[in-house]
$ cat model24.txt   # compact mmCIF, C-alpha atoms
# COMPACT_ATOMS: atom_id res chain seq x y z
CA MET A 22 -28.21 15.11 -11.33
CA LEU A 23 -25.19 13.94 -9.37
CA LYS A 24 -23.72 10.44 -9.32
CA HIS A 25 -21.88 9.13 -6.24
CA VAL A 26 -19.78 6.01 -6.93
CA VAL A 27 -17.87 4.02 -4.32
CA CYS A 28 -15.85 0.81 -4.67
CA PHE A 29 -15.03 -1.21 -1.58
CA LYS A 30 -12.44 -3.83 -0.69
CA MET A 31 -13.91 -6.07 1.99
CA ASP A 32 -12.34 -8.25 4.67
CA GLY A 33 -13.63 -11.47 3.12
CA GLU A 34 -15.90 -13.04 0.53
CA GLN A 35 -18.81 -13.44 2.97
CA SER A 36 -18.56 -9.79 4.04
CA ALA A 37 -18.63 -8.74 0.39
CA LYS A 38 -21.84 -10.71 -0.22
CA GLU A 39 -23.41 -9.26 2.92
CA ALA A 40 -22.31 -5.76 1.91
CA VAL A 41 -24.24 -6.09 -1.35
CA GLU A 42 -27.42 -6.83 0.61
CA VAL A 43 -26.81 -4.05 3.14
CA LEU A 44 -26.22 -1.52 0.37
CA LYS A 45 -29.30 -2.66 -1.56
CA SER A 46 -31.35 -2.25 1.61
CA MET A 47 -31.08 1.53 1.22
CA GLN A 48 -33.70 1.36 -1.55
CA GLY A 49 -36.90 2.80 -0.12
CA LYS A 50 -35.24 3.69 3.20
CA VAL A 51 -33.03 6.60 2.11
CA PRO A 52 -35.46 9.10 0.59
CA MET A 53 -33.08 11.26 -1.43
CA LEU A 54 -31.89 8.35 -3.62
CA LYS A 55 -33.11 8.70 -7.20
CA GLY A 56 -31.30 5.54 -8.29
CA LEU A 57 -29.22 2.76 -6.75
CA GLU A 58 -26.90 0.18 -8.30
CA VAL A 59 -24.88 -2.37 -6.35
CA GLY A 60 -22.62 -5.06 -7.75
CA LEU A 61 -20.30 -7.84 -6.60
CA ASP A 62 -17.00 -8.20 -8.47
CA VAL A 63 -16.73 -11.40 -10.53
CA LEU A 64 -13.09 -11.23 -11.68
CA ARG A 65 -11.46 -11.09 -8.24
CA SER A 66 -8.16 -9.91 -9.72
CA ALA A 67 -5.46 -8.28 -7.60
CA ARG A 68 -6.56 -4.81 -8.72
CA SER A 69 -10.29 -5.46 -8.34
CA TYR A 70 -12.46 -3.99 -5.65
CA ASP A 71 -15.08 -6.35 -4.20
CA VAL A 72 -18.25 -4.26 -4.17
CA TYR A 73 -19.53 -1.43 -6.37
CA LEU A 74 -22.08 1.18 -5.27
CA SER A 75 -23.58 3.88 -7.43
CA VAL A 76 -26.30 6.23 -6.23
CA LEU A 77 -28.06 8.92 -8.21
CA LEU A 78 -28.98 12.12 -6.37
CA GLU A 79 -30.65 15.36 -7.37
CA ASP A 80 -27.75 17.68 -6.48
CA ARG A 81 -24.95 18.45 -4.02
CA ALA A 82 -27.46 19.28 -1.27
CA ALA A 83 -28.98 15.81 -1.69
CA LEU A 84 -25.48 14.27 -1.46
CA ASP A 85 -24.88 16.14 1.79
CA ALA A 86 -28.25 14.95 3.11
CA TYR A 87 -27.42 11.37 2.04
CA GLN A 88 -24.13 11.51 3.95
CA SER A 89 -26.03 12.29 7.17
CA ASP A 90 -29.17 10.22 6.56
CA PRO A 91 -29.97 8.15 9.69
CA TYR A 92 -30.34 4.80 7.88
CA HIS A 93 -27.19 5.39 5.84
CA CYS A 94 -25.22 6.36 8.95
CA ASP A 95 -26.64 3.95 11.55
CA VAL A 96 -26.95 0.81 9.41
CA VAL A 97 -24.96 1.01 6.19
CA LYS A 98 -21.89 2.94 7.31
CA VAL A 99 -21.63 0.93 10.52
CA PHE A 100 -21.52 -2.36 8.58
CA MET A 101 -19.24 -1.07 5.83
CA HIS A 102 -16.71 0.53 8.18
CA LYS A 103 -16.56 -2.66 10.23
CA HIS A 104 -15.85 -4.90 7.21
CA MET A 105 -14.13 -2.81 4.55
CA THR A 106 -10.37 -2.59 4.23
CA ALA A 107 -10.28 0.17 1.61
CA SER A 108 -12.55 2.30 -0.54
CA VAL A 109 -12.35 4.76 -3.42
CA ALA A 110 -15.03 7.21 -4.50
CA VAL A 111 -15.90 9.63 -7.25
CA ASP A 112 -18.74 12.16 -7.37
CA PHE A 113 -19.71 13.87 -10.60
CA ILE A 114 -22.47 15.84 -12.27
CA LEU A 115 -24.23 14.10 -15.15
CA ASP A 116 -24.58 16.07 -18.38
$ encode --input "model24.txt" --output "structure tokens"
Amino acid sequence: MLKHVVCFKMDGEQSAKEAVEVLKSMQGKVPMLKGLEVGLDVLRSARSYDVYLSVLLEDRAALDAYQSDPYHCDVVKVFMHKHMTASVAVDFILD
């Protein structure tokens, strides 16, 4: 299994709240997802990112398919790219 984790800085508090809902909307619409976690930062410190996303995928091929999935590209990425100011990601294989 492979875990894909992304943290986003958003352009405002309302955008962060909306991003959580947009990211959660992938459940049941993006078929290769084996698991989905989304969270909104509560500390709001200078080093904090606003939104956390973690998706569980079968393997690297599933990650590649996820990156080009129509719902992910046409809905999620469009919203996130419009409202995020920065992001960091890590992808790793679970033992």
$ closest_residue --input "model24.txt" --among "A:Leu54, A:Cys94, A:Val59, A:Val43" --to "Cys28 (chain A)" --atoms "all atoms listed in the file"
A:Val59
$ residues_around --input "model24.txt" --residues "Asp80 (chain A)" --least-positions-apart "4" --cutoff "7 Å" --atoms "all atoms listed in the file" --output "list of chain:residue names"
A:Met22, A:Leu23, A:Leu84
$ residues_around --input "model24.txt" --residues "Val99 (chain A)" --least-positions-apart "6" --cutoff "12 Å" --atoms "all atoms listed in the file" --output "list in words"
Ala40, Val43, Leu44, Pro91, Tyr92, His93 and Met105 of chain A
$ residues_around --input "model24.txt" --residues "Arg68 (chain A)" --least-positions-apart "6" --cutoff "12 Å" --atoms "only C-alpha atoms" --output "ChimeraX atom specification"
/A:28-30,62
$ residues_around --input "model24.txt" --residues "Lys24 (chain A)" --least-positions-apart "3" --cutoff "6 Å" --atoms "all atoms listed in the file" --output "short mmCIF file (atom, residue, chain, number, x, y, z; two decimals) with C-alpha atoms, in the frame of the given file"
data_model
loop_
_atom_site.label_atom_id
_atom_site.label_comp_id
_atom_site.auth_asym_id
_atom_site.auth_seq_id
_atom_site.Cartn_x
_atom_site.Cartn_y
_atom_site.Cartn_z
CA VAL A 76 -26.30 6.23 -6.23
CA LEU A 77 -28.06 8.92 -8.21
CA ASP A 112 -18.74 12.16 -7.37
CA PHE A 113 -19.71 13.87 -10.60
#
$ closest_residue --input "model24.txt" --among "A:Ala107, A:Met101, A:Ala37, A:Val26" --to "Leu61 (chain A)" --atoms "all atoms listed in the file"
A:Ala37
$ atom_distance --input "model24.txt" --atom1 "CA of Val72 (chain A)" --atom2 "CA of Ser89 (chain A)"
21.5 Å
$ atom_distance --input "model24.txt" --atom1 "CA of Val27 (chain A)" --atom2 "CA of Leu74 (chain A)"
5.2 Å
$ closest_residue --input "model24.txt" --among "A:His102, A:Glu58, A:Ala83, A:Gln88" --to "Glu42 (chain A)" --atoms "all atoms listed in the file"
A:Glu58
$ atom_distance --input "model24.txt" --atom1 "CA of Ser36 (chain A)" --atom2 "CA of His104 (chain A)"
6.4 Å
$ residues_near_point --input "model24.txt" --point "(-34.9, 10.3, 1.4)" --cutoff "10 Å" --atoms "only C-alpha atoms" --output "PyMOL selection string"
chain A and resi 47-55+78+83+86-87+90-92
$ closest_residue --input "model24.txt" --among "A:His25, A:Gly33, A:Ser46, A:Val96" --to "Tyr73 (chain A)" --atoms "only C-alpha atoms"
A:His25
